[in-house]
Structure formats: C-alpha cells, structure tokens
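Participant: Below is one structure. I have some questions about it.
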2 protein chains.
Amino acid sequence: VLRVLEWSDGAVRFLDQTLLPNTEQYVSASHEREVAEGIRRLAIRGAPLIGIAAAYGTALAAFQQLACDPSLVALRVSDAIALLRSTRPTAVNLFWALERQRRVLVRFELRPPRELADELLSEARRLHTDDAHKCERISANGLDVLPSNVSILTHCNTGSLATGGRGTAFGIISLAHERGSLKHLYIDETRPLLQGARLTAWEASRLGIPCTLIHDSAAPALMREGRIGAVIVGADRIAANGDTANKIGTYGIAIAARHHGIPFYVAAPSSSVDRSLVDGGRITIEQRDEEEVTSIGGVRMAPKGVSAYAPAFDVTPADLITAIVTERGVARAPFGPALRGMCGEADGQE
Amino acid sequence: VLRVLEWSDGAVRFLDQTLLPNTEQYVSASHEREVAEGIRRLAIRGAPLIGIAAAYGTALAAFQQLACDPSLVALRVSDAIALLRSTRPTAVNLFWALERQRRVLVRFELRPPRELADELLSEARRLHTDDAHKCERISANGLDVLPSNVSILTHCNTGSLATGGRGTAFGIISLAHERGSLKHLYIDETRPLLQGARLTAWEASRLGIPCTLIHDSAAPALMREGRIGAVIVGADRIAANGDTANKIGTYGIAIAARHHGIPFYVAAPSSSVDRSLVDGGRITIEQRDEEEVTSIGGVRMAPKGVSAYAPAFDVTPADLITAIVTERGVARAPFGPALRGMCGEADGQE
C-alpha cells in the first residue's frame, strides 16, 4: 500500500498529485493554509483522502498555535475548520470530516489546549485508520468473488491516491495481485481528466502490477478478444436499488461487459449508498466545463464556437451489475434488500 | 459541400488539414513535390482524397514540364508517379489512382505532350467527380433509410476532408441537414487522434449543422437519455458477410446502440467491401504506436515504462449493423447476398 499522505514530525506530508505521473514530489505542510491550498489545487484529491487531509490540517492548526500562544488554540482551530471547508464546495467527505473535528473542538475547548491538539490528531488518525481498514475489508470481500488468475479492466482512479488505504476497486486489484490471482490489469485512460493514464497507471507501476493502458473506446474490442475476465469500478453514489453513478464511461463498459458475459463489479464503502435515492434517475449528474471536451492540456482541439456536453458521471442500472462489494459484504440482485441490510447500522455519515 | 482540394489556375490548391481547426490555410502547390509533401505530412488525408490529390499532382508535373521543355513531359510524369507513390506506404486509393495515371501515360506518351497533360488532368478530374458522385449516391441512399427529424451520433471523420465530395457517413448527415431532417448531430471526439473534435466538428460548424461534441465514453449515457435516434459511421473495410472494420470505438457504439434499440448504419463506397475476406476475423487490425495512448499532443500523460495497447480499428460484427449504405444501394441482413449483388460488376478497384 502506498502512503501518499501522513502526519510526520508535526507536519502533514503529502504527495503533490498534480505533478504525477512524471514527478513524485512530497510537500511537508507546516501550516493549515498549505493543506487547504493542496486540496484546492487538487494536489490532494479523491473524496476520502480529502476528508482525511482536512482532519490532519485541523490538528496541524492546533499544534502550530500551541507552540506560540496556547490561549488561542481553540480560536485557531475554529478558523482552520472554516478555511478547510471552503476549499472544495461539493465534497461531502470533507464536510463530514470537519464536522467530526468540530465536535472534538466543542468537547475539548475548555480543557488544556494540549489535550485539544492531541485529541484532534487522534481523531484524524482514527479517520485515516478507519478508511484504511475499510479499504482492506472491501478488498478482501472483493477477492472472494473474483475468479482466480483473472485479467481485470478498471476505469478512473480508486486506489491509494484517492483513499486512506489501498483503495476500493483498485484495492481489490492490488490485493488480487499480492495473492497471485491477478493475471493482468487493463486501465482505461479515462477521458477527460485521464485519471487512469495519470494516476492508476502510476499506482500500478509502483506496485509492480502487470498492466496495459488503453483508450476508453478500445475496451469492447479487448472483451471480444477474450482478454478481460472481469470489470471492477468504484462508485460516486449508489441508489437504494443498486443503480450506480460513477465516472463517465462506466455505463458503456457495463453494457459491453454484459454483451460479452463478463462479470461487472462495483466496489465502494457502504457510505456511498444513499438510501434516500429510490433509483439512479434521482441522482443529479454534475456537468463539467465544456473545455474538458474541447481542449486537452490547455490546447484547444475543437473549432471555436462548437459546443460540447461533458457529464462528469453516468448511471449504470443495477441490472447490469453482477455484485456491489462494500466493507460490510457483497450485495447481489435483488440489490434493494441486500444494500438495506448492509447500511442498517450506519456509523455517522458512514 | 466544402471544397478542400481543387485544380485552380494551373495549380493544386488544398486546405492544410494539419492546421485545423484553429487555422484555415490553403496551399497553392505549383510543383508536384508540394503535393507529395502535403500528403506525407497529412495536410491532405482521407483515403479517397489522397488518391485524388495524387492524380492532380501527376497532371501538375505534366503542365510544369510542358512550360519549360515539352520533350521531357513523359519522363517528368513518370518520376512524379514514383514520387507520389512513396508518400504513404499503405494507402490503397493512392496506388490505384496513380495506376490510372500510369495507364494514361502509356496510352499518350507517343502523342503530343500537350495531349498527355490534358488527358492526365481530365483523368484526375474524372476521379474527383466520380468520388463526389459516389458520395452523393451514398448520401441519397442513406437519407432514404433514416427516420425524419433524427438526432445522429457519428465517430471519426468521413466528410469533405476525407473524400472528393460531401463524404460517406458525414455525407448522409450533411444531406439530412440540407433537407431539414437532421435534428442534431453528436460528434465523438474519437481518441486517439481526435478526428471528431478537430475535423468533423470543423466541417459541421462550416456547414451550420447544429452539433455537440462529446467524449467517446459519454455516448451510451446520451443514448439512455434518449438524445440519439441513429448512429452512422464509415468503414475502413467490410468483409463479405458484412462484418465491418472501422476506427477504434465503433464496436462499443454498436453494442450500446443495440442495447438501446437504436439503428446503427455503416456508410461506405462499395469498394470498401473486400469479398476475399469471409468474415471480420480475417481483417488484420493495424496496431498504432503506444505513444498515441501514453501521450496527448506530444505531452506524456502516463508514467514511463507503462505499456499500452493501441489498435487503430475494431471489428463490428454484422449482426449489430442495421444496414450498410453504399452508392449502389442499401444492404440489410443477411448481408452476404446483398453485398455480393452490389459488388457484382466492380469497376477496377471500385
């Protein structure tokens, strides 16, 4: 498992993901502003990882203030929470992690500042460890359902660069590799932002996983050639009936997998299941800036004046999904009752 | 119909496609070397258009020589044919067009040089006109099978930038637009080389066709939303049973179209049907350089050492194709007999 973010010598040390895959540069943030800036400019990305970074950032504020004027620690922590909250306007994990730190602040603000700082750090570490454990459980559960010696196709990035542990879909893949049951990994480049080419390919290389990068549109041809034995993807949101919103392109892969009789797995923490959504039709799909289609790397590819449509996600209906793997087990059709059982005793936002 | 290549005032005038879509610059070639160079550096591309350009280039050589030393016209033409043949090593249309000019040379080399030059130009014009007519017939035949007021999805570039006329698949689309039966055009960007974003979007804009550019992987989501009423694509090669090789990504579109009950049309000249190939399994798929996946616009996107798989084409089996539209008519399943009937009296390579 790669460690791309950690608490180290009183600082938050993180890998600057904007420089991947060509440069591996770690930033040692000794002020919460640097953490906030790292989140804002996508040096730290992936919903779970953003939440963990923000929690450490809050602890960092406390320790920094402790060193100069302990009487102002609670105030500084309160400001840090506000600052970190402003970095990414729609990141649910971020708000949830900061809410946990706010509760620590409320509980400890009348205690000695040192205790408050220690407790904020402990809470951040708990968040981090919990997420890592969740990844391990998802990965172990996923390994149980996979055929042995299988070649897997994945889409987007769902590994250590996005979570506090080995990842969700990618966690299953890396565990399968460690256990000798992964034959080969095919990675979709994942237009528009190329998380597959830039991030997943980097993680796979670092872990020595045998892999091949392909264009998103080449996957069906590979399936026809018999090169792919299973598909595993992550999820941004799962409706109560199992319909799954994930990175644009996922739905087409699911259709092609069904056409070729290839199992299609979704891997995600149970917190991704939103029981308030009856089905995928209720999931709001974020529309990205047209520039993500008309330009690549800042270079305009399409003629001026041509409009583009850039949905960030698509919805894969439950009937195309073989199984949904969470840290609490594996759900199969009918997904409704199975997912309800898994999310029964939710711990907080999880 | 856009004219991107023509004989004009004793020169070959062509649009430099390497500068599209941002710059529209025409080159007026007064020496066959400039035409050869244009083909070599992809300023002129698309199999039919390359053949037409080479035919005009041969005539250009004859007229140039006529102006200085008429006794050497036949020799100069012979050299020009050799030069133009060397530009693109696997372009069948190029060889076929130059073979037509070589026959003109053989027939006229003992006649006055002026007659040879005139006849080479006439032959080039015939090739050009024939291709334009073929495009018109394909387009008219395609229009007959289309639903009215339909929104169409297309992939890659098959218009005036690739042919001597309005194009094949794109020809149908532009004719439907002229006749008021096109509701909207969706254009796949077509990774890796982005012919959709760069070329088809340019042609559609120039013709005032209402269009939207999308990522290749977004097409299935659009189909699910009911935005696409028909798919039309071109073909690089069609086997005797109707299996069709076309730009990578075509196969996935065909699967998704079938999944959503959307008609999927292939449009191509009957010369694309290769009756020596029993089925699509016999079609050799060109593998492109890995750099087309690992880099975009010369910028490395994937980590060093990661390998990639870059097939240029995929094969769509006949059973996913609603109809194959050629200049000789519309073939439907079973394609074998229908295609045999169309290719019965082949005229030369056509």
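Labels for the structure tokens follow display order: chains A, B, ..., residues from 1 in each chain, ligands from 1.
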For the alpha helix (DSSP H) assignment from backbone DSSP, which residues of segment 61-180 of chain B qualify? Please present them as number ranges by chain.

Facilitator: B: 61-68, 73-85, 92-108, 113-145, 169-178

Participant: Output as a Markdown table one row per residue of chain B within 7 Å of chain A: the closest atom pair and its distance in Å to one decimal place, counting only C-alpha atoms, sorted by chain and residue number ascending.

Facilitator:
```
| residue | atom | partner | partner_atom | distance |
| --- | --- | --- | --- | --- |
| B:Pro21 | CA | A:Pro303 | CA | 4.9 |
| B:Asn22 | CA | A:Pro303 | CA | 6.0 |
| B:Arg191 | CA | A:His215 | CA | 6.9 |
| B:Ala197 | CA | A:Ala302 | CA | 4.8 |
| B:Arg198 | CA | A:Ala302 | CA | 5.0 |
| B:Ala201 | CA | A:Ala302 | CA | 6.6 |
| B:Trp202 | CA | A:Pro303 | CA | 5.7 |
| B:Ser205 | CA | A:Val306 | CA | 6.9 |
| B:Thr212 | CA | A:Ala308 | CA | 4.9 |
| B:Leu213 | CA | A:Ala308 | CA | 4.4 |
| B:Ile214 | CA | A:Tyr309 | CA | 5.6 |
| B:His215 | CA | A:Val293 | CA | 6.4 |
| B:Asp216 | CA | A:Ser217 | CA | 6.4 |
| B:Ser217 | CA | A:Gly249 | CA | 4.3 |
| B:Ala218 | CA | A:Gly249 | CA | 5.7 |
| B:Pro220 | CA | A:Gly252 | CA | 5.4 |
| B:Ala221 | CA | A:Asp314 | CA | 6.0 |
| B:Ile248 | CA | A:Ala218 | CA | 6.1 |
| B:Gly249 | CA | A:Ser217 | CA | 4.3 |
| B:Tyr251 | CA | A:Pro220 | CA | 6.7 |
| B:Gly252 | CA | A:Pro220 | CA | 5.4 |
| B:Ile255 | CA | A:Ala256 | CA | 6.5 |
| B:Ala256 | CA | A:Ile255 | CA | 6.5 |
| B:Val293 | CA | A:His215 | CA | 6.4 |
| B:Met301 | CA | A:Arg198 | CA | 5.7 |
| B:Ala302 | CA | A:Ala197 | CA | 4.8 |
| B:Pro303 | CA | A:Pro21 | CA | 5.0 |
| B:Val306 | CA | A:Thr212 | CA | 6.8 |
| B:Ser307 | CA | A:Thr212 | CA | 5.2 |
| B:Ala308 | CA | A:Leu213 | CA | 4.4 |
| B:Tyr309 | CA | A:Ile214 | CA | 5.6 |
| B:Ala310 | CA | A:Ile214 | CA | 6.6 |
| B:Asp314 | CA | A:Ala221 | CA | 6.0 |
```

Participant: Please write the residues from the selection above to a file, keeping C-alpha atoms, as an mmCIF file, in the first residue's frame.

Facilitator:
```cif
data_model
loop_
_atom_site.group_PDB
_atom_site.id
_atom_site.type_symbol
_atom_site.label_atom_id
_atom_site.label_comp_id
_atom_site.auth_asym_id
_atom_site.auth_seq_id
_atom_site.Cartn_x
_atom_site.Cartn_y
_atom_site.Cartn_z
ATOM 1 C CA PRO B 21 -9.498 23.515 -36.623
ATOM 2 C CA ASN B 22 -7.798 26.697 -35.476
ATOM 3 C CA ARG B 191 -9.412 9.300 -29.367
ATOM 4 C CA ALA B 197 -13.096 17.059 -32.342
ATOM 5 C CA ARG B 198 -10.659 18.527 -34.856
ATOM 6 C CA ALA B 201 -16.655 19.432 -35.678
ATOM 7 C CA TRP B 202 -14.967 21.865 -38.101
ATOM 8 C CA SER B 205 -19.529 24.213 -37.999
ATOM 9 C CA THR B 212 -22.390 18.894 -29.875
ATOM 10 C CA LEU B 213 -19.005 17.366 -29.200
ATOM 11 C CA ILE B 214 -18.761 14.570 -26.618
ATOM 12 C CA HIS B 215 -16.157 12.252 -25.133
ATOM 13 C CA ASP B 216 -16.251 8.836 -26.758
ATOM 14 C CA SER B 217 -17.234 7.308 -23.427
ATOM 15 C CA ALA B 218 -20.260 9.600 -22.995
ATOM 16 C CA PRO B 220 -24.013 5.377 -24.015
ATOM 17 C CA ALA B 221 -25.278 7.869 -21.402
ATOM 18 C CA ILE B 248 -11.431 2.031 -32.772
ATOM 19 C CA GLY B 249 -14.516 2.642 -30.647
ATOM 20 C CA TYR B 251 -17.735 -1.637 -31.920
ATOM 21 C CA GLY B 252 -18.616 -0.287 -28.465
ATOM 22 C CA ILE B 255 -23.152 -2.659 -28.774
ATOM 23 C CA ALA B 256 -24.605 0.331 -26.921
ATOM 24 C CA VAL B 293 -2.199 6.284 -25.784
ATOM 25 C CA MET B 301 0.380 11.505 -19.735
ATOM 26 C CA ALA B 302 1.216 8.015 -18.486
ATOM 27 C CA PRO B 303 4.164 7.078 -16.263
ATOM 28 C CA VAL B 306 3.784 1.677 -18.663
ATOM 29 C CA SER B 307 2.857 -0.186 -21.791
ATOM 30 C CA ALA B 308 -0.199 0.500 -23.891
ATOM 31 C CA TYR B 309 -2.315 -1.260 -26.478
ATOM 32 C CA ALA B 310 -3.445 0.891 -29.384
ATOM 33 C CA ASP B 314 -12.070 -2.657 -34.270
#
```

Participant: What lies within 9 Å of Gly280 of chain B using only C-alpha atoms, ignoring chain neighbours under 3 positions off, as number ranges by chain?

Facilitator: B: 237-245, 277, 283-284, 315-318

Participant: Generate a file of the selected residues that holds N, CA, C and O atoms, formatted as a PDB file, in the first residue's frame.

Facilitator:
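The result, written out as again18.pdb:
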```pdb
ATOM      1  N   ARG B 237     -12.970  -1.246 -43.915  1.00  0.00           N
ATOM      2  CA  ARG B 237     -13.000  -2.487 -44.679  1.00  0.00           C
ATOM      3  C   ARG B 237     -14.258  -3.244 -44.263  1.00  0.00           C
ATOM      4  O   ARG B 237     -14.577  -3.303 -43.067  1.00  0.00           O
ATOM      5  N   ILE B 238     -14.943  -3.822 -45.216  1.00  0.00           N
ATOM      6  CA  ILE B 238     -16.139  -4.609 -44.931  1.00  0.00           C
ATOM      7  C   ILE B 238     -15.926  -6.011 -45.485  1.00  0.00           C
ATOM      8  O   ILE B 238     -15.588  -6.175 -46.660  1.00  0.00           O
ATOM      9  N   ALA B 239     -16.094  -7.021 -44.622  1.00  0.00           N
ATOM     10  CA  ALA B 239     -15.924  -8.409 -45.062  1.00  0.00           C
ATOM     11  C   ALA B 239     -17.165  -8.857 -45.837  1.00  0.00           C
ATOM     12  O   ALA B 239     -18.210  -8.191 -45.808  1.00  0.00           O
ATOM     13  N   ALA B 240     -17.041  -9.995 -46.516  1.00  0.00           N
ATOM     14  CA  ALA B 240     -18.123 -10.486 -47.377  1.00  0.00           C
ATOM     15  C   ALA B 240     -19.429 -10.712 -46.607  1.00  0.00           C
ATOM     16  O   ALA B 240     -20.517 -10.596 -47.170  1.00  0.00           O
ATOM     17  N   ASN B 241     -19.318 -11.011 -45.314  1.00  0.00           N
ATOM     18  CA  ASN B 241     -20.527 -11.262 -44.513  1.00  0.00           C
ATOM     19  C   ASN B 241     -21.074 -10.003 -43.844  1.00  0.00           C
ATOM     20  O   ASN B 241     -22.028 -10.075 -43.073  1.00  0.00           O
ATOM     21  N   GLY B 242     -20.444  -8.849 -44.086  1.00  0.00           N
ATOM     22  CA  GLY B 242     -20.919  -7.596 -43.502  1.00  0.00           C
ATOM     23  C   GLY B 242     -20.166  -7.142 -42.266  1.00  0.00           C
ATOM     24  O   GLY B 242     -20.349  -6.007 -41.814  1.00  0.00           O
ATOM     25  N   ASP B 243     -19.339  -8.003 -41.672  1.00  0.00           N
ATOM     26  CA  ASP B 243     -18.517  -7.563 -40.535  1.00  0.00           C
ATOM     27  C   ASP B 243     -17.694  -6.355 -40.994  1.00  0.00           C
ATOM     28  O   ASP B 243     -17.107  -6.379 -42.082  1.00  0.00           O
ATOM     29  N   THR B 244     -17.639  -5.334 -40.155  1.00  0.00           N
ATOM     30  CA  THR B 244     -17.060  -4.061 -40.589  1.00  0.00           C
ATOM     31  C   THR B 244     -15.925  -3.573 -39.686  1.00  0.00           C
ATOM     32  O   THR B 244     -16.120  -3.408 -38.476  1.00  0.00           O
ATOM     33  N   ALA B 245     -14.760  -3.348 -40.292  1.00  0.00           N
ATOM     34  CA  ALA B 245     -13.653  -2.737 -39.555  1.00  0.00           C
ATOM     35  C   ALA B 245     -13.761  -1.226 -39.710  1.00  0.00           C
ATOM     36  O   ALA B 245     -13.915  -0.719 -40.821  1.00  0.00           O
ATOM     37  N   LEU B 277     -12.432 -11.555 -48.004  1.00  0.00           N
ATOM     38  CA  LEU B 277     -12.485 -11.783 -46.555  1.00  0.00           C
ATOM     39  C   LEU B 277     -13.842 -12.388 -46.204  1.00  0.00           C
ATOM     40  O   LEU B 277     -14.874 -11.728 -46.341  1.00  0.00           O
ATOM     41  N   ILE B 283      -9.804  -9.798 -40.937  1.00  0.00           N
ATOM     42  CA  ILE B 283      -9.295  -8.444 -41.161  1.00  0.00           C
ATOM     43  C   ILE B 283      -8.116  -8.182 -40.226  1.00  0.00           C
ATOM     44  O   ILE B 283      -8.233  -8.359 -39.009  1.00  0.00           O
ATOM     45  N   THR B 284      -6.988  -7.812 -40.793  1.00  0.00           N
ATOM     46  CA  THR B 284      -5.821  -7.506 -39.978  1.00  0.00           C
ATOM     47  C   THR B 284      -6.005  -6.119 -39.360  1.00  0.00           C
ATOM     48  O   THR B 284      -6.323  -5.159 -40.066  1.00  0.00           O
ATOM     49  N   VAL B 315     -13.552  -4.379 -35.043  1.00  0.00           N
ATOM     50  CA  VAL B 315     -14.467  -5.007 -35.993  1.00  0.00           C
ATOM     51  C   VAL B 315     -15.855  -5.105 -35.373  1.00  0.00           C
ATOM     52  O   VAL B 315     -16.014  -5.653 -34.284  1.00  0.00           O
ATOM     53  N   THR B 316     -16.840  -4.555 -36.035  1.00  0.00           N
ATOM     54  CA  THR B 316     -18.227  -4.652 -35.600  1.00  0.00           C
ATOM     55  C   THR B 316     -18.880  -5.789 -36.369  1.00  0.00           C
ATOM     56  O   THR B 316     -18.935  -5.750 -37.604  1.00  0.00           O
ATOM     57  N   PRO B 317     -19.340  -6.821 -35.653  1.00  0.00           N
ATOM     58  CA  PRO B 317     -19.946  -7.947 -36.368  1.00  0.00           C
ATOM     59  C   PRO B 317     -21.252  -7.530 -37.043  1.00  0.00           C
ATOM     60  O   PRO B 317     -21.980  -6.662 -36.552  1.00  0.00           O
ATOM     61  N   ALA B 318     -21.522  -8.162 -38.149  1.00  0.00           N
ATOM     62  CA  ALA B 318     -22.678  -7.796 -38.973  1.00  0.00           C
ATOM     63  C   ALA B 318     -23.983  -7.805 -38.187  1.00  0.00           C
ATOM     64  O   ALA B 318     -24.879  -7.000 -38.461  1.00  0.00           O
TER      65      ALA B 318
END
```

Participant: As a ChimeraX atom specification, which residues of segment 149-323 of chain A does DSSP assign to strand (DSSP E)?

Facilitator: /A:150-154,182-188,211-214,230-233,237-239,244-247,264-267,273-274,295-296,299-300,307-308,313-316,323

Participant: Excluding Glu32 of chain B and any residue of its chain fewer than 6 positions from it, enumerate the residues within 9 Å of it, using only C-alpha atoms, and give them as a list in words.

Facilitator: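 The neighbour list is Val12, Ala54, Tyr56, Gly57, Thr58, Ala59, Leu60, Ala61, Gln64, Ala80, Leu83 and Leu84 of chain B.
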
Participant: Would you compute the distance between atom CA of Ile232 of chain A and atom CA of Gly164 of chain A? Give it in Å to one decimal.

Facilitator: 19.2 Å

Participant: Could you pull the residues within 10 Å of Leu75 of chain B, counting only C-alpha atoms, minus those fewer than 2 positions along the same chain, as a PyMOL selection string?

Facilitator: chain B and resi 61-62+65+71-73+77-80+105+109

Participant: Generate the output file for the selected residues, N, CA, C and O atoms, as a PDB file, in the first residue's frame.

Facilitator:
```
ATOM      1  N   ALA B  61       2.645  17.911 -62.710  1.00  0.00           N
ATOM      2  CA  ALA B  61       4.001  17.649 -63.210  1.00  0.00           C
ATOM      3  C   ALA B  61       4.051  17.828 -64.726  1.00  0.00           C
ATOM      4  O   ALA B  61       4.980  18.437 -65.274  1.00  0.00           O
ATOM      5  N   ALA B  62       3.021  17.301 -65.424  1.00  0.00           N
ATOM      6  CA  ALA B  62       2.987  17.389 -66.894  1.00  0.00           C
ATOM      7  C   ALA B  62       2.926  18.844 -67.352  1.00  0.00           C
ATOM      8  O   ALA B  62       3.694  19.261 -68.231  1.00  0.00           O
ATOM      9  N   GLN B  65       6.233  20.752 -66.752  1.00  0.00           N
ATOM     10  CA  GLN B  65       7.284  20.385 -67.696  1.00  0.00           C
ATOM     11  C   GLN B  65       7.002  20.949 -69.095  1.00  0.00           C
ATOM     12  O   GLN B  65       7.921  21.357 -69.813  1.00  0.00           O
ATOM     13  N   SER B  71       9.713  18.176 -74.440  1.00  0.00           N
ATOM     14  CA  SER B  71      10.217  16.860 -74.833  1.00  0.00           C
ATOM     15  C   SER B  71      10.393  15.922 -73.636  1.00  0.00           C
ATOM     16  O   SER B  71      10.521  14.719 -73.801  1.00  0.00           O
ATOM     17  N   LEU B  72      10.411  16.497 -72.440  1.00  0.00           N
ATOM     18  CA  LEU B  72      10.643  15.669 -71.248  1.00  0.00           C
ATOM     19  C   LEU B  72       9.383  15.423 -70.419  1.00  0.00           C
ATOM     20  O   LEU B  72       9.455  14.951 -69.282  1.00  0.00           O
ATOM     21  N   VAL B  73       8.218  15.743 -70.970  1.00  0.00           N
ATOM     22  CA  VAL B  73       6.981  15.621 -70.188  1.00  0.00           C
ATOM     23  C   VAL B  73       6.741  14.183 -69.705  1.00  0.00           C
ATOM     24  O   VAL B  73       6.457  13.940 -68.528  1.00  0.00           O
ATOM     25  N   VAL B  77       6.484  13.002 -65.813  1.00  0.00           N
ATOM     26  CA  VAL B  77       5.266  12.378 -65.286  1.00  0.00           C
ATOM     27  C   VAL B  77       5.603  11.044 -64.622  1.00  0.00           C
ATOM     28  O   VAL B  77       5.111  10.713 -63.542  1.00  0.00           O
ATOM     29  N   SER B  78       6.472  10.292 -65.277  1.00  0.00           N
ATOM     30  CA  SER B  78       6.870   9.004 -64.724  1.00  0.00           C
ATOM     31  C   SER B  78       7.547   9.188 -63.360  1.00  0.00           C
ATOM     32  O   SER B  78       7.265   8.465 -62.394  1.00  0.00           O
ATOM     33  N   ASP B  79       8.409  10.195 -63.265  1.00  0.00           N
ATOM     34  CA  ASP B  79       9.070  10.487 -61.981  1.00  0.00           C
ATOM     35  C   ASP B  79       8.056  10.934 -60.926  1.00  0.00           C
ATOM     36  O   ASP B  79       8.159  10.578 -59.753  1.00  0.00           O
ATOM     37  N   ALA B  80       7.085  11.747 -61.358  1.00  0.00           N
ATOM     38  CA  ALA B  80       6.080  12.249 -60.412  1.00  0.00           C
ATOM     39  C   ALA B  80       5.267  11.102 -59.824  1.00  0.00           C
ATOM     40  O   ALA B  80       4.967  11.081 -58.626  1.00  0.00           O
ATOM     41  N   LEU B 105      -0.463   7.648 -69.134  1.00  0.00           N
ATOM     42  CA  LEU B 105       0.891   7.906 -69.638  1.00  0.00           C
ATOM     43  C   LEU B 105       1.251   6.926 -70.755  1.00  0.00           C
ATOM     44  O   LEU B 105       1.720   7.319 -71.833  1.00  0.00           O
ATOM     45  N   GLU B 109       1.937   8.559 -74.360  1.00  0.00           N
ATOM     46  CA  GLU B 109       3.316   9.057 -74.339  1.00  0.00           C
ATOM     47  C   GLU B 109       3.900   9.303 -75.730  1.00  0.00           C
ATOM     48  O   GLU B 109       4.843  10.069 -75.880  1.00  0.00           O
TER      49      GLU B 109
END
```
